[in-house]
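Next comes final.tsv, with TSV, C-alpha atoms.
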```
chain	number	residue	atom	x	y	z
V	159	MET	CA	-35.75	-54.01	54.28
V	160	LYS	CA	-37.64	-51.80	56.72
V	161	SER	CA	-35.25	-48.84	56.73
V	162	LEU	CA	-33.61	-49.36	53.36
V	163	PRO	CA	-35.95	-47.67	50.82
V	164	VAL	CA	-35.99	-44.23	52.45
V	165	ARG	CA	-32.23	-44.10	52.78
V	166	GLN	CA	-31.78	-45.48	49.28
V	167	ILE	CA	-34.10	-42.83	47.85
V	168	GLY	CA	-32.13	-40.14	49.65
V	169	LEU	CA	-28.83	-41.49	48.38
V	170	LEU	CA	-30.22	-41.73	44.86
V	171	ILE	CA	-31.42	-38.09	44.94
V	172	PHE	CA	-28.08	-36.90	46.25
V	173	ALA	CA	-26.17	-38.97	43.72
V	174	GLY	CA	-28.39	-37.58	40.98
V	175	LEU	CA	-27.68	-34.03	42.09
V	176	CYS	CA	-23.95	-34.76	42.21
V	177	ILE	CA	-24.07	-36.04	38.65
V	178	LEU	CA	-26.27	-33.24	37.32
V	179	ALA	CA	-24.61	-30.29	39.05
V	180	PRO	CA	-21.16	-30.56	37.41
V	181	GLY	CA	-22.89	-31.07	34.07
V	182	ALA	CA	-24.77	-27.85	34.50
V	183	PHE	CA	-21.57	-26.19	35.65
V	184	ALA	CA	-19.59	-27.41	32.62
V	185	LYS	CA	-22.36	-26.21	30.36
V	186	LYS	CA	-22.20	-22.75	31.88
V	187	GLN	CA	-18.43	-22.58	31.84
V	188	THR	CA	-18.14	-23.41	28.16
V	189	LYS	CA	-20.82	-20.94	27.18
V	190	ALA	CA	-19.54	-17.94	25.25
V	191	PRO	CA	-19.49	-14.81	27.34
V	192	ALA	CA	-22.73	-12.92	27.13
V	193	PRO	CA	-22.62	-9.72	25.13
V	194	PRO	CA	-22.32	-6.73	27.41
V	195	THR	CA	-25.73	-5.63	28.56
V	196	GLU	CA	-26.80	-2.20	29.62
V	197	LYS	CA	-25.89	-3.25	33.15
V	198	ALA	CA	-22.46	-4.60	32.23
V	199	ALA	CA	-21.28	-1.40	30.65
V	200	PRO	CA	-21.76	1.50	32.99
V	201	ALA	CA	-24.19	3.85	31.37
V	202	ALA	CA	-22.60	7.00	30.08
V	203	THR	CA	-22.47	9.75	32.62
V	204	ASN	CA	-24.88	12.56	32.20
V	205	PRO	CA	-23.32	14.72	29.50
V	206	ALA	CA	-24.37	17.91	31.25
V	207	PHE	CA	-23.24	17.16	34.79
V	208	LYS	CA	-20.06	15.14	35.14
V	209	LYS	CA	-20.41	13.65	38.61
V	210	THR	CA	-17.31	11.53	38.31
V	211	ILE	CA	-13.89	11.19	39.87
V	212	GLY	CA	-10.85	9.79	38.07
V	213	ASN	CA	-9.91	8.47	34.68
V	214	PRO	CA	-12.82	7.11	32.60
V	215	ASN	CA	-10.43	4.57	31.04
V	216	ALA	CA	-9.57	2.99	34.41
V	217	PRO	CA	-9.99	-0.82	34.42
V	218	ILE	CA	-12.56	-0.70	37.23
V	219	THR	CA	-15.62	1.52	37.43
V	220	MET	CA	-17.37	2.05	40.74
V	221	GLU	CA	-20.89	3.47	40.52
V	222	VAL	CA	-22.32	4.78	43.76
V	223	PHE	CA	-26.03	5.48	44.12
V	224	GLY	CA	-25.95	7.94	46.98
V	225	ASP	CA	-27.92	10.50	48.94
V	226	PHE	CA	-25.94	13.41	50.38
V	227	GLN	CA	-28.12	13.55	53.50
V	228	CYS	CA	-27.90	9.84	54.26
V	229	PRO	CA	-25.66	9.02	57.27
V	230	ALA	CA	-24.72	5.60	55.84
V	231	CYS	CA	-23.55	7.33	52.64
V	232	ARG	CA	-21.43	9.70	54.68
V	233	GLY	CA	-19.97	6.76	56.63
V	234	PHE	CA	-19.20	4.92	53.39
V	235	PHE	CA	-17.65	8.04	51.84
V	236	GLU	CA	-15.52	8.85	54.89
V	237	SER	CA	-14.27	5.34	55.65
V	238	THR	CA	-14.13	3.74	52.21
V	239	VAL	CA	-14.47	6.11	49.24
V	240	LYS	CA	-11.77	8.51	50.45
V	241	GLN	CA	-9.29	5.61	50.69
V	242	VAL	CA	-10.40	4.30	47.30
V	243	ILE	CA	-9.69	7.74	45.84
V	244	ASP	CA	-6.19	7.82	47.37
V	245	ASP	CA	-5.21	4.22	46.58
V	246	TYR	CA	-7.04	3.43	43.35
V	247	VAL	CA	-8.52	6.53	41.69
V	248	ILE	CA	-5.41	8.70	41.77
V	249	PRO	CA	-3.22	5.88	40.31
V	250	GLY	CA	-5.83	5.48	37.53
V	251	LYS	CA	-7.14	2.07	38.54
V	252	VAL	CA	-10.69	3.00	39.52
V	253	TYR	CA	-13.17	5.46	38.04
V	254	ILE	CA	-15.97	6.63	40.34
V	255	ILE	CA	-19.39	7.63	39.03
V	256	HIS	CA	-21.87	9.23	41.40
V	257	ARG	CA	-25.58	8.62	40.78
V	258	ASP	CA	-28.08	10.76	42.63
V	259	PHE	CA	-30.58	8.70	44.57
V	260	PRO	CA	-32.13	11.17	47.05
V	261	LEU	CA	-34.43	9.34	49.43
V	262	ASP	CA	-37.82	10.83	50.29
V	263	MET	CA	-37.06	10.54	54.02
V	264	HIS	CA	-34.27	13.13	53.64
V	265	PRO	CA	-35.87	16.54	52.99
V	266	PHE	CA	-32.65	18.33	51.96
V	267	ALA	CA	-31.11	15.55	49.87
V	268	ARG	CA	-32.39	16.94	46.55
V	269	GLN	CA	-31.21	20.45	47.39
V	270	ALA	CA	-27.75	19.07	48.14
V	271	ALA	CA	-27.82	17.01	44.95
V	272	ARG	CA	-28.72	20.12	42.90
V	273	LEU	CA	-25.74	22.01	44.31
V	274	ALA	CA	-23.47	19.01	43.63
V	275	ASN	CA	-24.70	18.85	40.01
V	276	ALA	CA	-24.02	22.57	39.58
V	277	ALA	CA	-20.52	22.23	41.07
V	278	ALA	CA	-19.89	19.24	38.78
V	279	GLU	CA	-20.47	21.54	35.80
V	280	PHE	CA	-17.38	23.49	36.94
V	281	GLY	CA	-15.26	20.36	37.51
V	282	GLN	CA	-15.74	20.59	41.27
V	283	PHE	CA	-17.72	17.42	41.93
V	284	GLU	CA	-15.11	15.76	44.15
V	285	ALA	CA	-14.67	18.96	46.18
V	286	ILE	CA	-18.40	19.47	46.73
V	287	GLU	CA	-18.93	15.79	47.56
V	288	ARG	CA	-16.21	15.96	50.20
V	289	ALA	CA	-17.60	19.20	51.62
V	290	LEU	CA	-21.20	17.93	51.69
V	291	TYR	CA	-20.30	14.68	53.46
V	292	ASP	CA	-17.64	16.16	55.76
V	293	HIS	CA	-20.10	18.79	57.00
V	294	GLN	CA	-23.34	16.82	56.72
V	295	ASP	CA	-24.13	17.39	60.40
V	296	GLU	CA	-23.93	21.16	59.93
V	297	TRP	CA	-26.58	21.39	57.18
V	298	SER	CA	-28.72	18.29	57.47
V	299	ALA	CA	-30.78	19.52	60.41
V	300	LYS	CA	-31.85	22.92	59.02
V	301	GLY	CA	-31.13	22.56	55.32
V	302	ASN	CA	-28.85	25.62	55.29
V	303	ILE	CA	-26.69	24.01	52.62
V	304	ASP	CA	-25.63	27.15	50.76
V	305	GLU	CA	-24.73	28.93	53.98
V	306	VAL	CA	-22.57	26.02	55.18
V	307	MET	CA	-21.01	25.18	51.82
V	308	ALA	CA	-20.18	28.80	50.98
V	309	SER	CA	-17.51	28.81	53.67
V	310	TYR	CA	-15.62	25.93	52.01
V	311	PHE	CA	-15.29	27.45	48.52
V	312	PRO	CA	-13.91	30.75	47.23
V	313	PRO	CA	-16.85	33.22	47.11
V	314	THR	CA	-16.64	33.84	43.34
V	315	GLN	CA	-16.59	30.13	42.62
V	316	PHE	CA	-19.48	29.37	44.94
V	317	LYS	CA	-21.47	32.21	43.37
V	318	LYS	CA	-20.96	30.51	40.00
V	319	PHE	CA	-22.41	27.28	41.40
V	320	GLN	CA	-25.45	29.11	42.73
V	321	THR	CA	-26.02	31.07	39.54
V	322	PHE	CA	-25.72	27.98	37.41
V	323	GLU	CA	-28.08	26.07	39.68
V	324	SER	CA	-30.75	28.77	39.54
V	325	GLN	CA	-30.44	29.19	35.76
V	326	HIS	CA	-30.49	25.45	34.97
V	327	ILE	CA	-32.74	24.13	37.69
V	328	SER	CA	-35.01	22.17	35.36
V	329	GLU	CA	-32.07	20.41	33.63
V	330	ILE	CA	-30.51	19.64	37.00
V	331	ASN	CA	-33.77	18.23	38.37
V	332	ALA	CA	-34.16	16.16	35.21
V	333	SER	CA	-30.62	14.83	35.65
V	334	ILE	CA	-31.37	13.82	39.25
V	335	GLU	CA	-34.57	12.12	38.14
V	336	ARG	CA	-32.71	10.24	35.41
V	337	ASP	CA	-30.24	8.92	37.99
V	338	ARG	CA	-33.09	7.94	40.29
V	339	ALA	CA	-34.96	6.20	37.49
V	340	MET	CA	-31.79	4.31	36.60
V	341	GLY	CA	-31.48	3.22	40.22
V	342	MET	CA	-35.11	2.09	40.36
V	343	GLN	CA	-34.60	0.13	37.15
V	344	ARG	CA	-31.62	-1.61	38.76
V	345	ASN	CA	-33.57	-2.39	41.94
V	346	VAL	CA	-31.67	0.04	44.13
V	347	ASN	CA	-33.63	0.13	47.39
V	348	GLN	CA	-31.17	1.72	49.77
V	349	THR	CA	-28.19	4.06	49.81
V	350	PRO	CA	-25.34	3.72	49.30
V	351	THR	CA	-25.69	1.03	46.67
V	352	VAL	CA	-22.50	0.29	44.79
V	353	TYR	CA	-21.93	-1.40	41.43
V	354	ILE	CA	-18.50	-2.51	40.32
V	355	THR	CA	-17.78	-2.97	36.62
V	356	ALA	CA	-14.61	-4.69	35.44
V	357	HIS	CA	-13.76	-6.92	32.49
V	358	GLY	CA	-17.18	-6.16	30.95
V	359	LYS	CA	-19.13	-7.49	33.93
V	360	THR	CA	-21.03	-5.59	36.59
V	361	GLU	CA	-21.61	-6.82	40.14
V	362	ALA	CA	-23.86	-5.22	42.74
V	363	LEU	CA	-22.24	-5.02	46.16
V	364	PRO	CA	-24.41	-5.62	49.22
V	365	GLY	CA	-26.29	-2.40	49.97
V	366	GLY	CA	-25.49	-0.07	52.84
V	367	GLY	CA	-21.76	0.40	52.24
V	368	VAL	CA	-18.73	-1.83	52.29
V	369	ASP	CA	-15.62	-2.04	54.45
V	370	TYR	CA	-12.52	-0.69	52.72
V	371	LYS	CA	-10.38	-3.80	53.39
V	372	LEU	CA	-12.94	-6.07	51.75
V	373	LEU	CA	-13.37	-3.73	48.79
V	374	LYS	CA	-9.59	-3.45	48.46
V	375	SER	CA	-9.17	-7.23	48.31
V	376	TYR	CA	-11.89	-7.38	45.63
V	377	PHE	CA	-10.26	-4.59	43.60
V	378	ASP	CA	-6.85	-6.28	43.87
V	379	TYR	CA	-8.39	-9.55	42.66
V	380	LEU	CA	-10.06	-7.78	39.71
V	381	LEU	CA	-6.82	-5.98	38.81
V	382	ARG	CA	-4.91	-9.30	38.84
V	383	GLN	CA	-7.29	-10.85	36.30
U	235	MET	CA	-54.78	-66.31	60.64
U	236	ALA	CA	-56.55	-63.38	59.03
U	237	THR	CA	-57.46	-61.82	62.35
U	238	THR	CA	-53.83	-61.76	63.48
U	239	ALA	CA	-52.40	-60.60	60.12
U	240	ILE	CA	-54.44	-57.34	59.88
U	241	PRO	CA	-53.16	-55.74	63.14
U	242	THR	CA	-49.55	-56.60	62.26
U	243	GLU	CA	-49.85	-54.92	58.85
U	244	THR	CA	-51.53	-51.88	60.39
U	245	THR	CA	-48.78	-51.59	63.00
U	246	ALA	CA	-46.09	-51.80	60.33
U	247	ARG	CA	-47.84	-49.13	58.25
U	248	THR	CA	-48.17	-46.86	61.32
U	249	ALA	CA	-44.51	-47.37	62.14
U	250	ALA	CA	-43.51	-46.37	58.59
U	251	TRP	CA	-45.15	-42.93	58.80
U	252	PRO	CA	-42.55	-41.26	61.04
U	253	ARG	CA	-39.85	-42.47	58.65
U	254	VAL	CA	-41.66	-41.05	55.64
U	255	LEU	CA	-42.23	-37.71	57.38
U	256	LEU	CA	-38.61	-37.63	58.48
U	257	ALA	CA	-37.47	-38.36	54.92
U	258	ILE	CA	-39.67	-35.59	53.50
U	259	GLY	CA	-38.40	-33.15	56.15
U	260	ARG	CA	-34.72	-33.89	55.70
U	261	ILE	CA	-34.91	-33.90	51.88
U	262	ALA	CA	-36.78	-30.55	51.90
U	263	LEU	CA	-34.24	-29.07	54.31
U	264	GLY	CA	-31.36	-30.54	52.30
U	265	LEU	CA	-32.66	-29.06	49.06
U	266	ILE	CA	-33.03	-25.64	50.71
U	267	PHE	CA	-29.41	-25.83	51.93
U	268	LEU	CA	-28.23	-26.90	48.49
U	269	TYR	CA	-30.08	-23.96	46.97
U	270	ALA	CA	-28.57	-21.58	49.56
U	271	ALA	CA	-25.08	-22.78	48.58
U	272	TYR	CA	-25.90	-22.61	44.86
U	273	ALA	CA	-27.17	-19.00	45.19
U	274	LYS	CA	-23.88	-17.99	46.81
U	275	LEU	CA	-21.77	-19.61	44.10
U	276	HIS	CA	-23.91	-18.83	41.05
U	277	PHE	CA	-25.28	-15.34	40.53
U	278	GLU	CA	-25.63	-12.68	37.83
U	279	GLY	CA	-26.16	-15.57	35.43
U	280	GLU	CA	-22.87	-17.38	35.93
U	281	TRP	CA	-20.74	-19.41	38.33
U	282	HIS	CA	-18.40	-17.47	40.61
U	283	LEU	CA	-16.26	-20.29	41.97
U	284	ARG	CA	-13.13	-18.11	42.16
U	285	ASP	CA	-14.60	-14.85	43.39
U	286	TYR	CA	-17.85	-15.71	45.21
U	287	HIS	CA	-16.28	-15.01	48.59
U	288	PHE	CA	-15.54	-11.32	47.95
U	289	LEU	CA	-19.18	-10.29	47.66
U	290	PHE	CA	-20.34	-12.77	50.29
U	291	ALA	CA	-17.74	-11.42	52.74
U	292	MET	CA	-19.22	-7.95	52.25
U	293	ALA	CA	-22.68	-9.32	53.06
U	294	ILE	CA	-21.40	-11.06	56.22
U	295	ASP	CA	-19.49	-7.95	57.28
U	296	SER	CA	-22.63	-5.83	57.05
U	297	TYR	CA	-23.89	-7.68	60.17
U	298	LYS	CA	-21.02	-6.00	62.07
U	299	ILE	CA	-20.33	-9.02	64.29
U	300	LEU	CA	-17.03	-10.58	63.22
U	301	PRO	CA	-13.56	-9.12	62.62
U	302	ILE	CA	-12.50	-8.92	58.96
U	303	PRO	CA	-10.24	-12.04	58.93
U	304	ALA	CA	-13.08	-14.13	60.42
U	305	VAL	CA	-15.51	-12.62	57.90
U	306	GLN	CA	-13.22	-13.58	55.03
U	307	LEU	CA	-12.77	-17.12	56.34
U	308	MET	CA	-16.50	-17.59	56.87
U	309	ALA	CA	-17.25	-16.26	53.39
U	310	ARG	CA	-14.92	-18.81	51.83
U	311	VAL	CA	-16.15	-21.77	53.89
U	312	LEU	CA	-19.90	-21.28	54.46
U	313	PRO	CA	-21.22	-22.04	50.94
U	314	TRP	CA	-19.30	-25.34	50.84
U	315	PHE	CA	-20.41	-26.15	54.39
U	316	GLU	CA	-24.04	-25.55	53.36
U	317	LEU	CA	-23.49	-27.70	50.28
U	318	ALA	CA	-22.13	-30.54	52.43
U	319	LEU	CA	-24.97	-30.23	54.96
U	320	GLY	CA	-27.55	-30.23	52.17
U	321	GLY	CA	-26.02	-33.31	50.59
U	322	LEU	CA	-25.77	-35.20	53.86
U	323	LEU	CA	-29.35	-34.32	54.81
U	324	ILE	CA	-30.65	-35.62	51.49
U	325	ALA	CA	-28.53	-38.76	51.78
U	326	GLY	CA	-29.74	-39.26	55.36
U	327	VAL	CA	-26.22	-39.91	56.62
U	328	SER	CA	-25.63	-39.48	60.38
U	329	LEU	CA	-28.95	-37.69	60.53
U	330	ARG	CA	-28.93	-37.09	64.29
U	331	TRP	CA	-25.63	-35.22	64.14
U	332	ILE	CA	-26.18	-33.50	60.81
U	333	GLY	CA	-29.62	-32.40	62.02
U	334	SER	CA	-28.09	-31.03	65.23
U	335	ILE	CA	-25.42	-29.12	63.30
U	336	THR	CA	-28.02	-27.74	60.87
U	337	SER	CA	-30.21	-26.60	63.76
U	338	GLY	CA	-27.22	-24.96	65.45
U	339	LEU	CA	-26.24	-23.17	62.25
U	340	LEU	CA	-29.78	-21.89	61.69
U	341	LEU	CA	-29.92	-20.73	65.29
U	342	VAL	CA	-26.69	-18.73	64.77
U	343	PHE	CA	-28.19	-17.16	61.62
U	344	ILE	CA	-31.38	-16.21	63.44
U	345	VAL	CA	-29.49	-14.67	66.38
U	346	ALA	CA	-27.35	-12.60	63.93
U	347	MET	CA	-30.43	-11.46	62.00
U	348	THR	CA	-32.38	-10.58	65.14
U	349	ARG	CA	-29.43	-8.58	66.42
U	350	ALA	CA	-29.20	-6.71	63.10
U	351	LYS	CA	-32.93	-5.94	63.22
U	352	ILE	CA	-32.68	-4.70	66.82
U	353	LEU	CA	-29.74	-2.47	65.89
U	354	GLY	CA	-31.73	-1.16	62.92
U	355	LEU	CA	-29.13	-2.22	60.36
U	356	GLU	CA	-30.47	-1.77	56.82
U	357	ILE	CA	-28.65	-4.71	55.29
U	358	ASN	CA	-29.07	-7.59	52.92
U	359	CYS	CA	-29.69	-11.01	54.42
U	360	GLY	CA	-26.99	-12.81	52.41
U	361	CYS	CA	-29.01	-16.01	52.82
U	362	PHE	CA	-29.80	-16.80	49.18
U	363	GLY	CA	-27.50	-14.52	47.22
U	364	ASN	CA	-26.87	-10.82	47.58
U	365	ASN	CA	-30.16	-9.20	46.68
U	366	GLU	CA	-32.48	-10.11	49.52
U	367	LYS	CA	-33.03	-7.38	52.09
U	368	LEU	CA	-33.13	-8.50	55.71
U	369	GLY	CA	-36.67	-8.15	57.00
U	370	THR	CA	-39.29	-9.72	59.22
U	371	ALA	CA	-40.21	-12.17	56.45
U	372	THR	CA	-36.59	-13.37	56.37
U	373	LEU	CA	-36.66	-13.98	60.10
U	374	ILE	CA	-39.96	-15.88	59.89
U	375	ARG	CA	-38.61	-18.02	57.04
U	376	ASP	CA	-35.41	-18.89	58.88
U	377	SER	CA	-37.33	-19.60	62.08
U	378	SER	CA	-39.56	-22.01	60.12
U	379	LEU	CA	-36.44	-23.70	58.80
U	380	LEU	CA	-35.12	-23.99	62.35
U	381	VAL	CA	-38.39	-25.66	63.44
U	382	LEU	CA	-38.05	-28.08	60.51
U	383	ALA	CA	-34.40	-28.79	61.37
U	384	LEU	CA	-35.30	-29.41	65.02
U	385	ALA	CA	-38.15	-31.70	63.98
U	386	VAL	CA	-35.79	-33.69	61.76
U	387	THR	CA	-33.21	-33.91	64.55
U	388	VAL	CA	-35.72	-34.98	67.22
U	389	GLY	CA	-37.30	-37.43	64.77
U	390	ALA	CA	-33.90	-38.95	63.98
U	391	PHE	CA	-33.14	-39.39	67.70
U	392	LEU	CA	-36.58	-40.91	68.39
U	393	ILE	CA	-36.33	-43.38	65.53
U	394	LYS	CA	-32.86	-44.41	66.66
U	395	LYS	CA	-34.16	-44.87	70.22
U	396	ARG	CA	-37.11	-46.97	69.00
U	397	ARG	CA	-34.80	-49.11	66.85
U	398	ASP	CA	-32.48	-49.69	69.82
U	399	THR	CA	-35.46	-50.66	72.02
U	400	VAL	CA	-36.79	-53.11	69.41
U	401	SER	CA	-33.40	-54.71	68.83
U	402	SER	CA	-32.70	-55.09	72.55
```

If you took the structure in this file and wrote it as structure tokens, what would it be?
Amino acid sequence: MKSLPVRQIGLLIFAGLCILAPGAFAKKQTKAPAPPTEKAAPAATNPAFKKTIGNPNAPITMEVFGDFQCPACRGFFESTVKQVIDDYVIPGKVYIIHRDFPLDMHPFARQAARLANAAAEFGQFEAIERALYDHQDEWSAKGNIDEVMASYFPPTQFKKFQTFESQHISEINASIERDRAMGMQRNVNQTPTVYITAHGKTEALPGGGVDYKLLKSYFDYLLRQ
Amino acid sequence: MATTAIPTETTARTAAWPRVLLAIGRIALGLIFLYAAYAKLHFEGEWHLRDYHFLFAMAIDSYKILPIPAVQLMARVLPWFELALGGLLIAGVSLRWIGSITSGLLLVFIVAMTRAKILGLEINCGCFGNNEKLGTATLIRDSSLLVLALAVTVGAFLIKKRRDTVSS
């Protein structure tokens, strides 16, 4: 009698939870799928600056909120995104959308984002993204982005980027701000932050980048569904 | 008669307090563990019983401690392990051993978090779902849970010892 009530109460609570939990689960499982929200369907890319890679009709969309001066973004791009492009984007399974999320701690991130937006206007987003991340060390200390990037593009093409950037600076800045505002609305608090959309549902991956093997197994699972 | 009855009742009431405190402690800890498991299996408004481990594996991997196969195994097992621990704590079954295991698990979590903080990793905790950033508050919370788990464990051992003494 002395020790019984406490243990009995515990057992009763646990038994109650065991009974209630599957009920709640069944309720959720039978519920009709929620209509796609703004989050579930990746928002349309900025009509002016197409910062995307791949086929928009791919079954999986990967949105990356990134900052071109952020070392973690470079690490994620070099070790994961490049392999995703080779294995999933080129075969048409994944569509990548870049969202600008320049962090205040990186003084040249906006400048790099402006150049990337201008290059995107000429269908060169993937090329400029590769060049910016591959050579981040060369420009991130002094901010000599144009000087460094110019050597990786044909001069006439790079001139077009620069001219476009200078002529459309307010639209480009507005585009960057729209991306940033979208990130803030979705509680992005670090870069890179990645969202995966498939089968009408969007999941946020843990911030700071993801290992390629783990992302690959997730993509393969989503593609099998 | 009355003079002897009052001390006996008082002694019995005093002896019941540790049990009540222990019950409150283990039920609170058990509910927290159940919630931790629930948050790993149910997020974005629905259950993820078939795919919870993909996102959780990414959260574990961000600590940069384990190789990928171990990360994947841990991601699959940990939510169910937490669920079992939570259930057993609430039920009060084998409390000395369940309390010891819970304390050990919390200690492992705290060591991993402290290491991540020292290395300056900007990662999510992965404790209650995917959205909580690892910070000082997370460490304080988990340390408090460890203190509670240790108190439950020590309490369970002490009560067992007292019971053995009384019966012998």

(request) Hey, list the chain U side of the contact with chain V: 9 Å cut-off, only C-alpha atoms, answer as JSON, numbers by chain. (result) {"U": [250, 253, 254, 257, 261, 278, 279, 280, 281, 285, 288, 289, 290, 291, 292, 293, 295, 296, 302, 306, 320, 321, 322, 323, 324, 325, 326, 327, 355, 356, 357, 358, 360, 364, 365, 367]}

(message) Which residues are near Phe319 in chain V? Cut-off 12 Å, only C-alpha atoms, ignore same chain within fewer than 2 positions. Put them as a ChimeraX atom specification.
(response) /V:270,272-283,286,304,307-308,311-317,321-327,330

Would you save the residues from that selection as an mmCIF file, in the frame of the given file, using C-alpha atoms?
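Result file follows (part.cif):
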```
data_model
loop_
_atom_site.group_PDB
_atom_site.id
_atom_site.type_symbol
_atom_site.label_atom_id
_atom_site.label_comp_id
_atom_site.auth_asym_id
_atom_site.auth_seq_id
_atom_site.Cartn_x
_atom_site.Cartn_y
_atom_site.Cartn_z
ATOM 1 C CA ALA V 270 -27.750 19.070 48.140
ATOM 2 C CA ARG V 272 -28.720 20.120 42.900
ATOM 3 C CA LEU V 273 -25.740 22.010 44.310
ATOM 4 C CA ALA V 274 -23.470 19.010 43.630
ATOM 5 C CA ASN V 275 -24.700 18.850 40.010
ATOM 6 C CA ALA V 276 -24.020 22.570 39.580
ATOM 7 C CA ALA V 277 -20.520 22.230 41.070
ATOM 8 C CA ALA V 278 -19.890 19.240 38.780
ATOM 9 C CA GLU V 279 -20.470 21.540 35.800
ATOM 10 C CA PHE V 280 -17.380 23.490 36.940
ATOM 11 C CA GLY V 281 -15.260 20.360 37.510
ATOM 12 C CA GLN V 282 -15.740 20.590 41.270
ATOM 13 C CA PHE V 283 -17.720 17.420 41.930
ATOM 14 C CA ILE V 286 -18.400 19.470 46.730
ATOM 15 C CA ASP V 304 -25.630 27.150 50.760
ATOM 16 C CA MET V 307 -21.010 25.180 51.820
ATOM 17 C CA ALA V 308 -20.180 28.800 50.980
ATOM 18 C CA PHE V 311 -15.290 27.450 48.520
ATOM 19 C CA PRO V 312 -13.910 30.750 47.230
ATOM 20 C CA PRO V 313 -16.850 33.220 47.110
ATOM 21 C CA THR V 314 -16.640 33.840 43.340
ATOM 22 C CA GLN V 315 -16.590 30.130 42.620
ATOM 23 C CA PHE V 316 -19.480 29.370 44.940
ATOM 24 C CA LYS V 317 -21.470 32.210 43.370
ATOM 25 C CA THR V 321 -26.020 31.070 39.540
ATOM 26 C CA PHE V 322 -25.720 27.980 37.410
ATOM 27 C CA GLU V 323 -28.080 26.070 39.680
ATOM 28 C CA SER V 324 -30.750 28.770 39.540
ATOM 29 C CA GLN V 325 -30.440 29.190 35.760
ATOM 30 C CA HIS V 326 -30.490 25.450 34.970
ATOM 31 C CA ILE V 327 -32.740 24.130 37.690
ATOM 32 C CA ILE V 330 -30.510 19.640 37.000
#
```

(request) Enter the distance from CA of Phe259 in chain V to CA of Val239 in chain V, in Å, rounded to one decimal. (result)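 Atom-to-atom, CA of Phe259 in chain V and CA of Val239 in chain V are spaced 17.0 Å apart.
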
(request) Would you list the contacts of Trp297 in chain V as a count of residues only, taking every protein, DNA or RNA residue within 9 Å and counting all atoms listed in the file, but skipping same-chain residues closer than 4 positions in sequence? (result) 11

(message) Which residues are close to Arg310 in chain U, i.e. within 12 Å by only C-alpha atoms, leaving aside same-chain residues fewer than 5 positions away? Reply as a PyMOL selection string.
(response) chain U and resi 271+274-275+282-292+294+303-305+315-316

(request) Go ahead and compute the interatomic distance for CA of Ser309 in chain V and CA of Asp245 in chain V, in Å to one decimal. (result) 28.4 Å

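Counting all atoms listed in the file, the residue from U:Leu341, U:Ile352, U:Ala385, U:Ile332 that sits nearest to Tyr297 in chain U is U:Ile352.
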
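Each of U:Ala383, U:Tyr269, U:Asp376, U:Gly363 was compared to Val345 in chain U using all atoms listed in the file, and U:Asp376 turns out to be the nearest.
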
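We find CA of Leu382 in chain U and CA of Ser337 in chain U to be spaced 8.6 Å apart.
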
(request) Write out as a ChimeraX atom specification the residues lying within 12 Å of range 335-338 of chain V, counting only C-alpha atoms and excluding same-chain residues fewer than 6 positions away. (result) /V:201-205,207,209,221-225,255-262,268,271-272,275,328-329,344-349,351
